[in-house]
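Working notes, beginning with the structure itself.
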Amino acid sequence: MSLPQDSVPDKLPNGPGAAAILAAGIGSFALGMLAVLADHVARFGKMMIFYRPTGPLSGVTTCAVLVWLVVWAVLDRSWRGRTVRARPLITAAMVLLLLGLLLTFPPFGDLF
Amino acid sequence: MEITVRGLWTMIHGMGFGALYLMACSGALVELWRCCWPTGPGTESRTNDSFLRVYLVVMAALAWLAVLTGTYVVYPWYRVAPLPGIADLSGFPQRLLLSSPSTAGWHSIGMEWKEHVAWLVPISITMAASVFLRYGRSLGTHATLRNAVIGFVAVSFFAAGVADFFGAMLNKNAPVRGGRTIHVMQGRRQ
(Lines give C-alpha, C1' and ligand atoms only; values in the text may rest on other atoms or scores of the structure.)
Protein backbone atom coordinates (compact mmCIF):
# COMPACT_ATOMS: atom_id res chain seq x y z
CA MET A 1 0.00 0.00 0.00
CA SER A 2 2.85 2.43 0.62
CA LEU A 3 4.35 4.62 -2.08
CA PRO A 4 7.85 6.10 -2.14
CA GLN A 5 8.00 9.12 0.13
CA ASP A 6 9.33 11.37 -2.62
CA SER A 7 6.38 10.79 -4.98
CA VAL A 8 4.43 13.66 -3.37
CA PRO A 9 7.10 15.86 -1.81
CA ASP A 10 4.94 18.97 -1.45
CA LYS A 11 2.25 17.33 0.68
CA LEU A 12 2.04 16.05 4.20
CA PRO A 13 2.02 12.23 4.02
CA ASN A 14 -1.52 10.90 3.90
CA GLY A 15 -0.79 7.83 6.06
CA PRO A 16 -1.94 9.26 9.43
CA GLY A 17 -5.14 10.65 7.87
CA ALA A 18 -5.91 7.35 6.16
CA ALA A 19 -5.21 5.51 9.43
CA ALA A 20 -7.68 7.71 11.35
CA ILE A 21 -10.38 7.32 8.67
CA LEU A 22 -10.01 3.55 8.24
CA ALA A 23 -9.98 3.06 12.03
CA ALA A 24 -13.20 5.10 12.34
CA GLY A 25 -14.80 2.89 9.66
CA ILE A 26 -13.70 -0.28 11.46
CA GLY A 27 -14.91 1.10 14.81
CA SER A 28 -18.31 1.97 13.32
CA PHE A 29 -18.67 -1.49 11.81
CA ALA A 30 -17.62 -3.08 15.12
CA LEU A 31 -20.35 -1.08 16.87
CA GLY A 32 -23.04 -2.33 14.49
CA MET A 33 -21.76 -5.90 14.56
CA LEU A 34 -21.52 -6.03 18.37
CA ALA A 35 -25.00 -4.49 18.71
CA VAL A 36 -26.50 -7.21 16.49
CA LEU A 37 -24.60 -9.97 18.31
CA ALA A 38 -25.62 -8.71 21.76
CA ASP A 39 -29.22 -8.53 20.61
CA HIS A 40 -29.37 -12.00 19.05
CA VAL A 41 -27.00 -14.13 21.11
CA ALA A 42 -28.25 -14.17 24.69
CA ARG A 43 -24.95 -15.38 26.14
CA PHE A 44 -22.99 -12.70 24.33
CA GLY A 45 -25.54 -10.10 25.41
CA LYS A 46 -24.97 -11.07 29.05
CA MET A 47 -21.20 -10.86 28.56
CA MET A 48 -21.65 -7.31 27.32
CA ILE A 49 -23.20 -6.12 30.59
CA PHE A 50 -20.29 -4.10 31.97
CA TYR A 51 -22.57 -1.75 33.93
CA ARG A 52 -25.84 -3.32 35.03
CA PRO A 53 -28.14 -0.23 34.95
CA THR A 54 -27.24 0.33 31.28
CA GLY A 55 -27.25 -3.37 30.31
CA PRO A 56 -25.50 -4.76 27.21
CA LEU A 57 -25.22 -1.26 25.70
CA SER A 58 -22.38 -0.55 28.11
CA GLY A 59 -20.25 -3.44 26.83
CA VAL A 60 -21.18 -3.03 23.17
CA THR A 61 -20.15 0.63 23.08
CA THR A 62 -17.07 0.17 25.29
CA CYS A 63 -15.78 -2.69 23.12
CA ALA A 64 -16.50 -0.81 19.87
CA VAL A 65 -14.64 2.26 21.17
CA LEU A 66 -11.72 0.07 22.26
CA VAL A 67 -11.59 -1.64 18.84
CA TRP A 68 -11.59 1.78 17.17
CA LEU A 69 -8.84 3.22 19.38
CA VAL A 70 -6.59 0.14 19.22
CA VAL A 71 -6.91 -0.12 15.42
CA TRP A 72 -6.24 3.63 15.13
CA ALA A 73 -3.13 3.41 17.31
CA VAL A 74 -1.76 0.41 15.36
CA LEU A 75 -2.45 1.90 11.92
CA ASP A 76 -1.14 5.31 12.92
CA ARG A 77 2.09 3.75 14.15
CA SER A 78 2.45 1.77 10.92
CA TRP A 79 1.64 4.60 8.51
CA ARG A 80 3.13 7.59 10.33
CA GLY A 81 5.25 9.59 7.90
CA ARG A 82 4.21 7.40 4.99
CA THR A 83 2.13 8.03 1.92
CA VAL A 84 -0.31 5.21 1.25
CA ARG A 85 -2.60 4.39 -1.64
CA ALA A 86 -5.60 6.02 -0.02
CA ARG A 87 -8.47 5.34 -2.39
CA PRO A 88 -9.08 1.62 -1.59
CA LEU A 89 -8.60 2.29 2.14
CA ILE A 90 -11.05 5.17 2.16
CA THR A 91 -13.56 3.21 0.08
CA ALA A 92 -13.32 0.37 2.61
CA ALA A 93 -13.76 2.87 5.48
CA MET A 94 -16.89 4.38 3.90
CA VAL A 95 -18.38 0.94 3.20
CA LEU A 96 -17.70 -0.14 6.80
CA LEU A 97 -19.24 3.09 8.13
CA LEU A 98 -22.40 2.59 6.06
CA LEU A 99 -22.61 -1.09 7.08
CA GLY A 100 -22.21 -0.04 10.71
CA LEU A 101 -24.99 2.50 10.27
CA LEU A 102 -27.23 -0.10 8.63
CA LEU A 103 -26.55 -2.73 11.31
CA THR A 104 -27.68 -0.36 14.06
CA PHE A 105 -31.10 -0.07 12.36
CA PRO A 106 -33.20 -2.73 14.17
CA PRO A 107 -35.27 -4.00 11.19
CA PHE A 108 -32.00 -4.60 9.30
CA GLY A 109 -30.17 -6.10 12.29
CA ASP A 110 -33.12 -8.46 12.87
CA LEU A 111 -32.52 -10.06 9.46
CA PHE A 112 -29.54 -11.96 10.89
CA MET B 1 -42.53 26.20 37.27
CA GLU B 2 -40.59 23.14 38.29
CA ILE B 3 -38.58 20.29 36.83
CA THR B 4 -37.41 16.98 38.25
CA VAL B 5 -33.72 16.08 38.41
CA ARG B 6 -34.25 13.31 35.83
CA GLY B 7 -36.09 15.72 33.55
CA LEU B 8 -33.26 18.22 33.90
CA TRP B 9 -30.60 15.65 32.96
CA THR B 10 -32.70 14.53 29.99
CA MET B 11 -32.87 18.16 28.87
CA ILE B 12 -29.11 18.66 29.32
CA HIS B 13 -28.43 15.47 27.34
CA GLY B 14 -30.88 16.12 24.49
CA MET B 15 -31.25 19.87 24.18
CA GLY B 16 -27.90 20.82 25.60
CA PHE B 17 -25.39 18.45 24.05
CA GLY B 18 -27.41 16.65 21.36
CA ALA B 19 -29.26 19.54 19.76
CA LEU B 20 -26.24 21.81 19.99
CA TYR B 21 -24.18 19.19 18.15
CA LEU B 22 -26.85 18.90 15.49
CA MET B 23 -26.88 22.67 14.94
CA ALA B 24 -23.07 22.81 14.88
CA CYS B 25 -22.92 20.01 12.31
CA SER B 26 -24.32 22.03 9.43
CA GLY B 27 -21.78 24.75 10.26
CA ALA B 28 -18.95 22.23 10.20
CA LEU B 29 -19.99 20.90 6.80
CA VAL B 30 -20.14 24.43 5.38
CA GLU B 31 -16.78 25.38 6.90
CA LEU B 32 -15.10 22.19 5.66
CA TRP B 33 -16.45 22.90 2.19
CA ARG B 34 -15.32 26.55 2.33
CA CYS B 35 -11.91 25.57 3.53
CA CYS B 36 -11.05 22.46 1.59
CA TRP B 37 -13.24 22.06 -1.50
CA PRO B 38 -11.65 23.07 -4.82
CA THR B 39 -14.67 25.18 -5.82
CA GLY B 40 -15.15 26.57 -2.29
CA PRO B 41 -14.12 30.12 -1.42
CA GLY B 42 -11.17 28.84 0.64
CA THR B 43 -9.82 30.19 3.91
CA GLU B 44 -7.70 33.25 3.52
CA SER B 45 -6.30 33.46 6.98
CA ARG B 46 -4.72 31.27 9.61
CA THR B 47 -7.44 32.56 11.99
CA ASN B 48 -10.12 30.76 9.95
CA ASP B 49 -8.06 27.59 10.11
CA SER B 50 -7.69 27.86 13.89
CA PHE B 51 -11.39 28.62 14.23
CA LEU B 52 -12.35 25.41 12.42
CA ARG B 53 -9.87 23.41 14.51
CA VAL B 54 -11.44 24.68 17.75
CA TYR B 55 -14.95 24.28 16.31
CA LEU B 56 -14.39 20.60 15.48
CA VAL B 57 -12.79 19.87 18.86
CA VAL B 58 -15.78 21.47 20.64
CA MET B 59 -18.13 19.39 18.47
CA ALA B 60 -16.24 16.23 19.43
CA ALA B 61 -16.56 17.19 23.12
CA LEU B 62 -20.31 17.79 22.68
CA ALA B 63 -20.72 14.41 20.97
CA TRP B 64 -18.91 12.57 23.77
CA LEU B 65 -20.86 14.41 26.45
CA ALA B 66 -24.13 13.60 24.67
CA VAL B 67 -23.49 9.85 24.39
CA LEU B 68 -21.98 9.49 27.85
CA THR B 69 -24.80 11.32 29.63
CA GLY B 70 -27.32 9.47 27.47
CA THR B 71 -25.88 6.02 28.09
CA TYR B 72 -24.86 6.30 31.73
CA VAL B 73 -27.20 8.92 33.22
CA VAL B 74 -30.53 9.00 31.36
CA TYR B 75 -30.76 5.49 29.86
CA PRO B 76 -30.70 3.65 33.22
CA TRP B 77 -33.71 5.73 34.32
CA TYR B 78 -35.44 4.93 31.03
CA ARG B 79 -34.97 1.15 31.27
CA VAL B 80 -35.44 0.65 35.03
CA ALA B 81 -37.91 -2.18 35.71
CA PRO B 82 -40.81 -1.80 38.15
CA LEU B 83 -41.23 -4.10 41.12
CA PRO B 84 -43.81 -6.86 40.55
CA GLY B 85 -47.36 -5.70 41.14
CA ILE B 86 -46.84 -2.05 40.27
CA ALA B 87 -49.64 -0.98 37.93
CA ASP B 88 -48.69 2.66 37.38
CA LEU B 89 -45.90 2.55 34.78
CA SER B 90 -45.47 6.32 34.42
CA GLY B 91 -42.11 6.18 36.22
CA PHE B 92 -40.86 3.34 33.97
CA PRO B 93 -40.71 4.73 30.41
CA GLN B 94 -39.51 1.57 28.64
CA ARG B 95 -42.20 -0.60 30.26
CA LEU B 96 -44.83 2.06 29.63
CA LEU B 97 -44.04 2.09 25.91
CA LEU B 98 -43.96 -1.70 25.66
CA SER B 99 -47.29 -2.01 27.48
CA SER B 100 -49.25 -0.91 24.41
CA PRO B 101 -48.91 -2.10 20.79
CA SER B 102 -49.47 1.48 19.64
CA THR B 103 -46.37 2.74 21.48
CA ALA B 104 -44.11 -0.36 21.54
CA GLY B 105 -42.43 0.66 18.27
CA TRP B 106 -41.04 3.80 19.89
CA HIS B 107 -38.94 1.47 22.01
CA SER B 108 -38.31 -1.50 19.71
CA ILE B 109 -37.29 0.66 16.75
CA GLY B 110 -36.80 4.18 18.13
CA MET B 111 -34.78 3.55 21.28
CA GLU B 112 -33.08 0.41 19.94
CA TRP B 113 -31.79 2.42 16.96
CA LYS B 114 -31.04 5.62 18.87
CA GLU B 115 -28.99 3.98 21.63
CA HIS B 116 -26.55 2.48 19.12
CA VAL B 117 -26.52 4.86 16.17
CA ALA B 118 -25.68 7.80 18.45
CA TRP B 119 -22.27 6.24 19.17
CA LEU B 120 -21.27 6.61 15.52
CA VAL B 121 -21.29 10.37 16.11
CA PRO B 122 -18.34 10.75 18.55
CA ILE B 123 -16.29 8.23 16.57
CA SER B 124 -16.86 10.13 13.31
CA ILE B 125 -16.38 13.65 14.61
CA THR B 126 -13.33 12.77 16.72
CA MET B 127 -11.75 11.33 13.59
CA ALA B 128 -12.71 14.44 11.58
CA ALA B 129 -11.30 16.75 14.26
CA SER B 130 -8.04 14.81 14.54
CA VAL B 131 -7.52 14.74 10.76
CA PHE B 132 -8.20 18.48 10.49
CA LEU B 133 -5.94 19.22 13.45
CA ARG B 134 -3.14 17.40 11.65
CA TYR B 135 -3.70 18.65 8.09
CA GLY B 136 -5.50 21.97 8.44
CA ARG B 137 -6.41 23.57 5.15
CA SER B 138 -3.89 21.34 3.35
CA LEU B 139 -6.59 18.69 3.66
CA GLY B 140 -7.85 20.26 0.42
CA THR B 141 -4.83 18.85 -1.42
CA HIS B 142 -5.70 15.32 -0.24
CA ALA B 143 -8.97 14.92 -2.13
CA THR B 144 -9.63 11.36 -0.97
CA LEU B 145 -9.09 12.18 2.70
CA ARG B 146 -11.12 15.39 2.43
CA ASN B 147 -14.07 13.59 0.82
CA ALA B 148 -13.97 10.92 3.52
CA VAL B 149 -13.87 13.48 6.35
CA ILE B 150 -16.85 15.34 4.88
CA GLY B 151 -18.64 11.99 4.35
CA PHE B 152 -18.10 10.96 7.97
CA VAL B 153 -19.31 14.35 9.24
CA ALA B 154 -22.41 14.05 7.01
CA VAL B 155 -23.13 10.56 8.39
CA SER B 156 -22.64 11.88 11.93
CA PHE B 157 -25.19 14.63 11.09
CA PHE B 158 -27.67 11.96 10.02
CA ALA B 159 -26.95 9.77 13.07
CA ALA B 160 -27.32 12.71 15.45
CA GLY B 161 -30.56 13.66 13.70
CA VAL B 162 -31.94 10.13 14.20
CA ALA B 163 -30.89 10.15 17.85
CA ASP B 164 -32.36 13.59 18.50
CA PHE B 165 -35.61 12.85 16.67
CA PHE B 166 -36.25 9.61 18.55
CA GLY B 167 -35.07 11.17 21.80
CA ALA B 168 -37.67 13.90 21.44
CA MET B 169 -40.44 11.47 20.44
CA LEU B 170 -39.61 9.04 23.24
CA ASN B 171 -39.67 11.83 25.77
CA LYS B 172 -43.01 12.97 24.38
CA ASN B 173 -44.58 9.51 24.64
CA ALA B 174 -42.92 8.33 27.84
CA PRO B 175 -40.96 11.07 29.58
CA VAL B 176 -38.11 10.27 31.94
CA ARG B 177 -39.31 11.76 35.21
CA GLY B 178 -38.59 11.44 38.87
CA GLY B 179 -36.05 12.34 41.48
CA ARG B 180 -35.95 15.55 43.44
CA THR B 181 -38.12 18.41 42.19
CA ILE B 182 -36.36 21.68 41.41
CA HIS B 183 -38.47 24.83 41.66
CA VAL B 184 -37.32 27.09 38.83
CA MET B 185 -39.69 30.02 39.25
CA GLN B 186 -42.91 30.92 40.99
CA GLY B 187 -45.77 31.53 38.54
CA ARG B 188 -48.72 33.89 39.03
CA ARG B 189 -52.21 32.42 39.50
CA GLN B 190 -54.78 33.71 36.97
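Chains: A, B, ... in order of the C-alpha coordinates. Residues: from 1 per chain. Ligands: from 1, in order shown.
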
Requested in this report: Residues of chain A near chain B: apply a cut-off of 10 Å, count only C-alpha atoms, and supply the list as a ChimeraX atom specification.
Outcome: /A:10-25,27-29,31-32,34-35,39,51-55,57-58,60-61,64-65,68-69,72,85-91,93-94,97-98,100-107,109

Query raised in the report: Skipping near chain neighbours, those fewer than 3 positions away, what residues fall within 7 Å of Leu97 (chain B) using only C-alpha atoms, listed as an MDAnalysis selection string?
Result: chainID B and resid 93:94 100 103:104 106:107 174

Based on DSSP run over this structure's backbone, return all residues of chain A in strand (DSSP E or B), as a PDB file with all heavy atoms, in the first residue's frame.
ATOM      1  N   SER A   2       2.094   1.192   0.491  1.00  0.00           N
ATOM      2  CA  SER A   2       2.853   2.430   0.623  1.00  0.00           C
ATOM      3  C   SER A   2       3.556   2.799  -0.671  1.00  0.00           C
ATOM      4  O   SER A   2       3.960   1.940  -1.449  1.00  0.00           O
ATOM      5  CB  SER A   2       3.860   2.306   1.750  1.00  0.00           C
ATOM      6  OG  SER A   2       4.822   1.366   1.417  1.00  0.00           O
ATOM      7  N   LEU A   3       3.674   4.088  -0.902  1.00  0.00           N
ATOM      8  CA  LEU A   3       4.349   4.616  -2.077  1.00  0.00           C
ATOM      9  C   LEU A   3       5.656   5.232  -1.617  1.00  0.00           C
ATOM     10  O   LEU A   3       5.818   5.567  -0.447  1.00  0.00           O
ATOM     11  CB  LEU A   3       3.482   5.712  -2.733  1.00  0.00           C
ATOM     12  CG  LEU A   3       2.136   5.262  -3.326  1.00  0.00           C
ATOM     13  CD1 LEU A   3       1.347   6.480  -3.753  1.00  0.00           C
ATOM     14  CD2 LEU A   3       2.356   4.330  -4.502  1.00  0.00           C
ATOM     15  N   TYR A  51     -21.971  -2.618  32.924  1.00  0.00           N
ATOM     16  CA  TYR A  51     -22.572  -1.746  33.934  1.00  0.00           C
ATOM     17  C   TYR A  51     -24.055  -2.079  33.947  1.00  0.00           C
ATOM     18  O   TYR A  51     -24.754  -1.790  32.970  1.00  0.00           O
ATOM     19  CB  TYR A  51     -22.303  -0.282  33.555  1.00  0.00           C
ATOM     20  CG  TYR A  51     -22.930   0.745  34.456  1.00  0.00           C
ATOM     21  CD1 TYR A  51     -22.580   0.826  35.797  1.00  0.00           C
ATOM     22  CD2 TYR A  51     -23.870   1.649  33.966  1.00  0.00           C
ATOM     23  CE1 TYR A  51     -23.172   1.776  36.623  1.00  0.00           C
ATOM     24  CE2 TYR A  51     -24.454   2.605  34.779  1.00  0.00           C
ATOM     25  CZ  TYR A  51     -24.102   2.657  36.105  1.00  0.00           C
ATOM     26  OH  TYR A  51     -24.684   3.598  36.922  1.00  0.00           O
ATOM     27  N   GLY A  55     -27.095  -2.099  31.017  1.00  0.00           N
ATOM     28  CA  GLY A  55     -27.247  -3.367  30.312  1.00  0.00           C
ATOM     29  C   GLY A  55     -26.171  -3.586  29.246  1.00  0.00           C
ATOM     30  O   GLY A  55     -25.088  -3.006  29.323  1.00  0.00           O
ATOM     31  N   THR A  83       3.237   7.746   2.818  1.00  0.00           N
ATOM     32  CA  THR A  83       2.132   8.029   1.915  1.00  0.00           C
ATOM     33  C   THR A  83       1.591   6.685   1.434  1.00  0.00           C
ATOM     34  O   THR A  83       2.356   5.854   0.950  1.00  0.00           O
ATOM     35  CB  THR A  83       2.605   8.895   0.736  1.00  0.00           C
ATOM     36  OG1 THR A  83       2.948  10.180   1.264  1.00  0.00           O
ATOM     37  CG2 THR A  83       1.514   9.068  -0.304  1.00  0.00           C
ATOM     38  N   VAL A  84       0.305   6.493   1.600  1.00  0.00           N
ATOM     39  CA  VAL A  84      -0.309   5.214   1.254  1.00  0.00           C
ATOM     40  C   VAL A  84      -1.281   5.412   0.092  1.00  0.00           C
ATOM     41  O   VAL A  84      -1.685   6.543  -0.204  1.00  0.00           O
ATOM     42  CB  VAL A  84      -1.054   4.596   2.460  1.00  0.00           C
ATOM     43  CG1 VAL A  84      -0.094   4.284   3.588  1.00  0.00           C
ATOM     44  CG2 VAL A  84      -2.161   5.522   2.948  1.00  0.00           C
TER      45      VAL A  84
END

Query raised in the report: Tell me, which residues of chain A carry DSSP alpha helix (DSSP H), written as a count of residues only?
Result: 79

Query - Residues near Phe112 (chain A), cut-off 9 Å, only C-alpha atoms, skip fewer than 3 positions along chain, as number ranges by chain - result: A: 36, 40, 108-109

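Put simply, CA of Trp64 (chain B) is 20.4 Å away from CA of Met48 (chain A).
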